[in-house]
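So the structure is just underneath, and the comments pick up after that.
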Amino acid sequence: MTQDALSRLLDQNDWLMADGATGTTLFNMGLTSGDAPELWNVDEPDKIRALYQGAVDAGSDLFLTNSFGGTAARLKLHEAHTRVHELNRIAAELGREVADKAGRTVVVAGSMGPTGEIMEPMGPLTFDRAVEMFHEQAEGLKAGGADVLWAETISAGDEYRAAAKAAELAGMPWCGTMSFDTAGRTMMGVTSTDFVSLVESLPNPPIGFGANCGVGASDLLRTILGFAASGSERPIIAKGNAGIPKYVHGHIHYDGTPELMADYAVLARDCGARIIGGCCGTTPEHLVAMRAALETRPKSDTKPTLDEIVARLGAFSSASDGTGDNAGAPVRERRGRRRRD
Amino acid sequence: MADEDDDIILSELDDEELVAQMHDDLYDGLKEEIEEATQILLARDWAPYKVLTVALVAGMKVVGDDFRDGILFVPEVLLAANAMKAGMAILKPLLAETGAPKVGKMVIGTVKGDIHDIGKNLVSMMMEGAGFEVVDLGINNPVENYIETAEKEDADIIGMSALLTTTMPYMKVVIDTLVAEGKRDKYIVLVGGAPLNEEFGKAIGADAYCRDAAVAVETAKQFMARKHNQMAG
């Protein structure tokens, strides 16, 4: 079997630049709030091509397809759950078309976002059903020519495992990132350290793993440092938001400037990330600044300290991220737990 | 574990110990134990409303506090809420029979233009876990869904959620419509979602912005207490 395009690029380069925001860009192109972005793969293909082209022109080595909400669970909200294969296939086909014209290797990564449902035993979604939905999506992305699958914004360990299983069933290489947005953990309480253990325990581990979205660049880099400290040799992915959305005088804007995102990109590399991109709010303008900084500024031999990150990018959202010396969260004193048969 | 052999028989505990044990069992999300203990208290002639407030709601407060303080995370909270709901299912018909005061009723949904629902679902589950009745409108709700449902259901609270910076301004449309129709004072309006903050909540005229599901529950309880006091006074 020939090596996949992403692994090849990783062999040839110390770092790769991923893409920026999909949602932000599509809204700027006129996507109406409430509509499913995935329907545009069929209804507005030129705009999806333009989305991908924006990342390629800004120097991205890989971009994610417009299929984040492409599982049956999400598409059902738009009565489009019977179109999973079609919408995902076309998302990847349009990507293939743009990537193959780039004149260099650009990886088409088939985006798979969370199902949005809560898994057993807390919620109704079974592991098998989650696998089935991701697999259905993965087959569409594969048919459209995606190089790799790319699970992102996952918060539950079991949902990550389900995406891994789907990649195995589809016979595809994959990457997967979680979103650490709750006091340095995922919504479901997963720490950076927990996540590394999870990744390394999988029968078909991802090519790369990491963090995306969340709450600002500083928090994301703290998470990256947590991954690096675990000693994993696996490529680490950093895709942070362009700052934090702020409501100022009746308008919303992300406070991350291209300069800040350039600093973030270089710091992410210093922290140990090898695949670096943006998430919500990250426009091609940000990506150009990030690429320039990564190419012109030397990589530091030492990892930045938490204090340096705060000084450069701003404060963390929480004092601790639940790892290392700070792991000892207070424990509630309780009566003896009863024996369960 | 040191207490491994220390098997507790719920029915042998006195009331005080049993309630303390229920708080622990809620914390651990033990549904069957909560069901059993609820039946035991009822058999000991506890009023259904007392079981609800003293045993279940008080136990969930501990869970909510530890979620707020970063000791518990969503999975544990959801298991606790499920256990609470199992006890609640036993109490519900009895509460209705005895005409006990209601904790409160909330109509909740993600606003028009917004298709995100995880946060809203968490609030829904935790509100139910705290004893509230919840009518979930789902995603992408125009103003009339909120108001018509709140009127029809005789709700106390309207909850709105948004994840997008492009959709959060729609919350103001709903509140402005309530004002225009002279219904604003009938409802407690709570808003939440990742891009929101307290300043935004105030700016659009909501009663409160709720940072997370635990805060939503606490805030709802406070406003309901105020509402009851006003009615009494």
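We name chains A, B, ... following the order of the structure tokens; residues begin at 1 in each chain, and ligands are numbered from 1 as shown.
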
Within 6 Å of Ala151 of chain A using only C-alpha atoms, minus same-chain residues under 5 positions, as a list in words | Ser111, Met112, Gly113 and Gly176 of chain A

Limited to C-alpha atoms, could you put the picked residues into a file as a CSV table (one decimal), in the first residue's frame?
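And here's result-v8.csv as it stands now:
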```csv
chain,number,residue,atom,x,y,z
A,111,SER,CA,-14.0,16.5,8.4
A,112,MET,CA,-16.2,14.5,10.8
A,113,GLY,CA,-17.6,16.6,13.6
A,176,GLY,CA,-8.6,13.3,15.3
```

What's the 9 Å shell around Leu294 of chain A, counting only C-alpha atoms, without same-chain residues fewer than 5 positions away, as a compact mmCIF listing (two decimals) with N, CA and C atoms, in the first residue's frame?
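What landed in part06.txt:
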```txt
# COMPACT_ATOMS: atom_id res chain seq x y z
N TRP A 15 7.04 20.77 9.94
CA TRP A 15 5.70 21.23 10.34
C TRP A 15 4.85 21.43 9.09
N MET A 17 1.10 23.43 7.72
CA MET A 17 0.04 24.36 8.11
C MET A 17 -1.31 23.83 7.64
N ALA A 262 -0.23 34.80 14.29
CA ALA A 262 1.14 34.48 13.88
C ALA A 262 1.97 34.08 15.09
N ALA A 265 0.90 30.67 16.18
CA ALA A 265 1.39 29.57 15.32
C ALA A 265 2.83 29.19 15.70
N VAL A 266 3.67 30.21 15.89
CA VAL A 266 5.07 29.96 16.23
C VAL A 266 5.18 29.31 17.61
N ARG A 269 4.21 25.68 17.55
CA ARG A 269 5.32 24.84 17.08
C ARG A 269 6.35 24.65 18.20
N ALA A 289 -0.50 35.31 7.56
CA ALA A 289 0.40 35.80 8.62
C ALA A 289 1.03 34.63 9.38
N LYS A 299 12.47 28.04 14.97
CA LYS A 299 11.85 27.27 16.03
C LYS A 299 12.75 27.35 17.27
```

Would you give me, as a ChimeraX atom specification, the residues in segment 76-322 of chain A that DSSP reads as strand (DSSP E or B)?
-> /A:107-112,119,125,148-154,174-178,182,185,209-213,236-240,245-248,251-254,275-278

Selection to disk with C-alpha atoms, as a short mmCIF file (atom, residue, chain, number, x, y, z; two decimals), in the first residue's frame:
```cif
data_model
loop_
_atom_site.label_atom_id
_atom_site.label_comp_id
_atom_site.auth_asym_id
_atom_site.auth_seq_id
_atom_site.Cartn_x
_atom_site.Cartn_y
_atom_site.Cartn_z
CA VAL A 107 -4.05 17.08 1.65
CA VAL A 108 -7.85 16.79 1.52
CA ALA A 109 -8.94 15.91 5.05
CA GLY A 110 -12.50 14.66 5.41
CA SER A 111 -13.98 16.51 8.35
CA MET A 112 -16.15 14.53 10.78
CA MET A 119 -23.49 8.56 24.44
CA LEU A 125 -26.44 7.11 21.67
CA VAL A 148 -7.49 11.15 5.29
CA LEU A 149 -10.44 11.34 7.66
CA TRP A 150 -10.33 14.09 10.25
CA ALA A 151 -12.52 13.87 13.36
CA GLU A 152 -12.67 17.19 15.20
CA THR A 153 -14.26 19.00 18.15
CA ILE A 154 -14.91 15.67 19.88
CA TRP A 174 -7.22 9.37 10.03
CA CYS A 175 -6.51 12.20 12.42
CA GLY A 176 -8.63 13.31 15.34
CA THR A 177 -8.75 16.30 17.65
CA MET A 178 -10.78 17.03 20.73
CA THR A 182 -14.06 23.41 30.06
CA ARG A 185 -10.66 19.69 29.81
CA PHE A 209 -3.98 13.94 17.30
CA GLY A 210 -4.50 17.24 19.02
CA ALA A 211 -6.80 20.06 20.03
CA ASN A 212 -9.11 22.34 18.10
CA CYS A 213 -11.54 25.16 18.88
CA ILE A 236 0.42 16.86 17.45
CA ILE A 237 -2.24 19.05 15.84
CA ALA A 238 -3.05 22.59 17.04
CA LYS A 239 -6.10 24.32 15.57
CA GLY A 240 -7.06 27.21 17.83
CA PRO A 245 -15.70 36.30 20.39
CA LYS A 246 -16.52 39.62 22.05
CA TYR A 247 -19.73 41.60 22.01
CA VAL A 248 -18.72 45.20 21.52
CA HIS A 251 -21.38 43.78 17.19
CA ILE A 252 -19.52 40.53 17.55
CA HIS A 253 -15.91 40.16 16.63
CA TYR A 254 -13.11 37.72 17.30
CA ILE A 275 0.33 20.45 12.25
CA ILE A 276 -0.75 24.00 12.95
CA GLY A 277 -3.88 25.79 11.82
CA GLY A 278 -6.81 27.84 13.04
#
```

To test your reading of the structure, identify every residue in segment 126-303 of chain A that backbone DSSP assigns to helix (DSSP H, G or I), and report it as a PDB file with C-alpha atoms, in the first residue's frame.
```
ATOM      1  CA  PHE A 127     -21.351   3.021  20.600  1.00  0.00           C
ATOM      2  CA  ASP A 128     -22.421   0.858  17.672  1.00  0.00           C
ATOM      3  CA  ARG A 129     -24.800   3.502  16.354  1.00  0.00           C
ATOM      4  CA  ALA A 130     -22.068   6.159  16.613  1.00  0.00           C
ATOM      5  CA  VAL A 131     -19.689   3.907  14.672  1.00  0.00           C
ATOM      6  CA  GLU A 132     -22.378   3.281  12.069  1.00  0.00           C
ATOM      7  CA  MET A 133     -23.007   6.997  11.543  1.00  0.00           C
ATOM      8  CA  PHE A 134     -19.312   7.914  11.308  1.00  0.00           C
ATOM      9  CA  HIS A 135     -18.712   4.980   9.005  1.00  0.00           C
ATOM     10  CA  GLU A 136     -21.507   6.052   6.673  1.00  0.00           C
ATOM     11  CA  GLN A 137     -19.951   9.520   6.536  1.00  0.00           C
ATOM     12  CA  ALA A 138     -16.435   8.105   6.105  1.00  0.00           C
ATOM     13  CA  GLU A 139     -17.491   6.033   3.102  1.00  0.00           C
ATOM     14  CA  GLY A 140     -18.859   9.158   1.409  1.00  0.00           C
ATOM     15  CA  LEU A 141     -15.652  11.099   2.072  1.00  0.00           C
ATOM     16  CA  LYS A 142     -13.584   8.163   0.825  1.00  0.00           C
ATOM     17  CA  ALA A 143     -15.647   7.862  -2.353  1.00  0.00           C
ATOM     18  CA  GLY A 157     -13.699   9.460  24.731  1.00  0.00           C
ATOM     19  CA  ASP A 158     -16.202   6.943  23.392  1.00  0.00           C
ATOM     20  CA  GLU A 159     -17.123   9.182  20.481  1.00  0.00           C
ATOM     21  CA  TYR A 160     -13.421   9.445  19.592  1.00  0.00           C
ATOM     22  CA  ARG A 161     -13.181   5.655  19.751  1.00  0.00           C
ATOM     23  CA  ALA A 162     -16.243   5.408  17.507  1.00  0.00           C
ATOM     24  CA  ALA A 163     -14.587   7.658  14.911  1.00  0.00           C
ATOM     25  CA  ALA A 164     -11.446   5.499  15.072  1.00  0.00           C
ATOM     26  CA  LYS A 165     -13.515   2.373  14.517  1.00  0.00           C
ATOM     27  CA  ALA A 166     -15.270   4.009  11.553  1.00  0.00           C
ATOM     28  CA  ALA A 167     -11.894   4.863   9.996  1.00  0.00           C
ATOM     29  CA  GLU A 168     -10.841   1.243  10.444  1.00  0.00           C
ATOM     30  CA  LEU A 169     -14.038  -0.016   8.802  1.00  0.00           C
ATOM     31  CA  ALA A 170     -13.565   2.402   5.895  1.00  0.00           C
ATOM     32  CA  SER A 192      -4.815  16.363  27.804  1.00  0.00           C
ATOM     33  CA  THR A 193      -3.117  13.482  29.618  1.00  0.00           C
ATOM     34  CA  ASP A 194      -6.239  11.301  29.482  1.00  0.00           C
ATOM     35  CA  PHE A 195      -6.480  11.984  25.764  1.00  0.00           C
ATOM     36  CA  VAL A 196      -2.927  10.834  25.019  1.00  0.00           C
ATOM     37  CA  SER A 197      -3.592   7.578  26.872  1.00  0.00           C
ATOM     38  CA  LEU A 198      -6.774   7.112  24.875  1.00  0.00           C
ATOM     39  CA  VAL A 199      -5.026   7.774  21.556  1.00  0.00           C
ATOM     40  CA  GLU A 200      -2.203   5.350  22.288  1.00  0.00           C
ATOM     41  CA  SER A 201      -4.623   2.639  23.409  1.00  0.00           C
ATOM     42  CA  GLY A 216      -8.673  31.085  22.924  1.00  0.00           C
ATOM     43  CA  ALA A 217      -5.093  30.524  21.901  1.00  0.00           C
ATOM     44  CA  SER A 218      -3.543  30.453  25.394  1.00  0.00           C
ATOM     45  CA  ASP A 219      -5.699  27.592  26.647  1.00  0.00           C
ATOM     46  CA  LEU A 220      -5.085  25.628  23.476  1.00  0.00           C
ATOM     47  CA  LEU A 221      -1.315  25.901  23.858  1.00  0.00           C
ATOM     48  CA  ARG A 222      -1.480  24.781  27.472  1.00  0.00           C
ATOM     49  CA  THR A 223      -3.252  21.670  26.185  1.00  0.00           C
ATOM     50  CA  ILE A 224      -0.546  21.169  23.516  1.00  0.00           C
ATOM     51  CA  LEU A 225       2.133  21.371  26.227  1.00  0.00           C
ATOM     52  CA  GLY A 226       0.199  18.699  28.114  1.00  0.00           C
ATOM     53  CA  PHE A 227       0.300  16.414  25.047  1.00  0.00           C
ATOM     54  CA  ALA A 228       4.005  17.027  24.536  1.00  0.00           C
ATOM     55  CA  ALA A 229       4.792  16.326  28.196  1.00  0.00           C
ATOM     56  CA  PRO A 258      -3.409  38.157  12.242  1.00  0.00           C
ATOM     57  CA  GLU A 259      -0.391  39.237  14.329  1.00  0.00           C
ATOM     58  CA  LEU A 260      -1.679  37.384  17.383  1.00  0.00           C
ATOM     59  CA  MET A 261      -2.389  34.268  15.328  1.00  0.00           C
ATOM     60  CA  ALA A 262       1.138  34.477  13.877  1.00  0.00           C
ATOM     61  CA  ASP A 263       2.520  34.489  17.430  1.00  0.00           C
ATOM     62  CA  TYR A 264       0.196  31.632  18.319  1.00  0.00           C
ATOM     63  CA  ALA A 265       1.393  29.570  15.325  1.00  0.00           C
ATOM     64  CA  VAL A 266       5.067  29.959  16.225  1.00  0.00           C
ATOM     65  CA  LEU A 267       4.387  29.248  19.891  1.00  0.00           C
ATOM     66  CA  ALA A 268       2.317  26.193  18.965  1.00  0.00           C
ATOM     67  CA  ARG A 269       5.321  24.840  17.081  1.00  0.00           C
ATOM     68  CA  ASP A 270       7.583  25.619  20.038  1.00  0.00           C
ATOM     69  CA  CYS A 271       5.144  23.744  22.278  1.00  0.00           C
ATOM     70  CA  PRO A 284      -7.106  33.458   4.965  1.00  0.00           C
ATOM     71  CA  GLU A 285      -5.599  36.759   6.143  1.00  0.00           C
ATOM     72  CA  HIS A 286      -4.747  35.116   9.454  1.00  0.00           C
ATOM     73  CA  LEU A 287      -3.358  32.060   7.652  1.00  0.00           C
ATOM     74  CA  VAL A 288      -1.032  34.165   5.488  1.00  0.00           C
ATOM     75  CA  ALA A 289       0.404  35.797   8.622  1.00  0.00           C
ATOM     76  CA  MET A 290       0.753  32.404  10.307  1.00  0.00           C
ATOM     77  CA  ARG A 291       2.559  30.869   7.338  1.00  0.00           C
ATOM     78  CA  ALA A 292       4.937  33.828   7.061  1.00  0.00           C
ATOM     79  CA  ALA A 293       5.774  33.640  10.760  1.00  0.00           C
ATOM     80  CA  LEU A 294       6.334  29.874  10.659  1.00  0.00           C
ATOM     81  CA  GLU A 295       8.655  30.258   7.669  1.00  0.00           C
ATOM     82  CA  THR A 296      10.655  33.236   8.870  1.00  0.00           C
TER      83      THR A 296
END
```

Residue with the minimum atom-to-atom distance to Ala213 of chain B, picked from A:Ala319, A:Met187, A:Ala102, A:Ala91 with only C-alpha atoms counted, is A:Met187
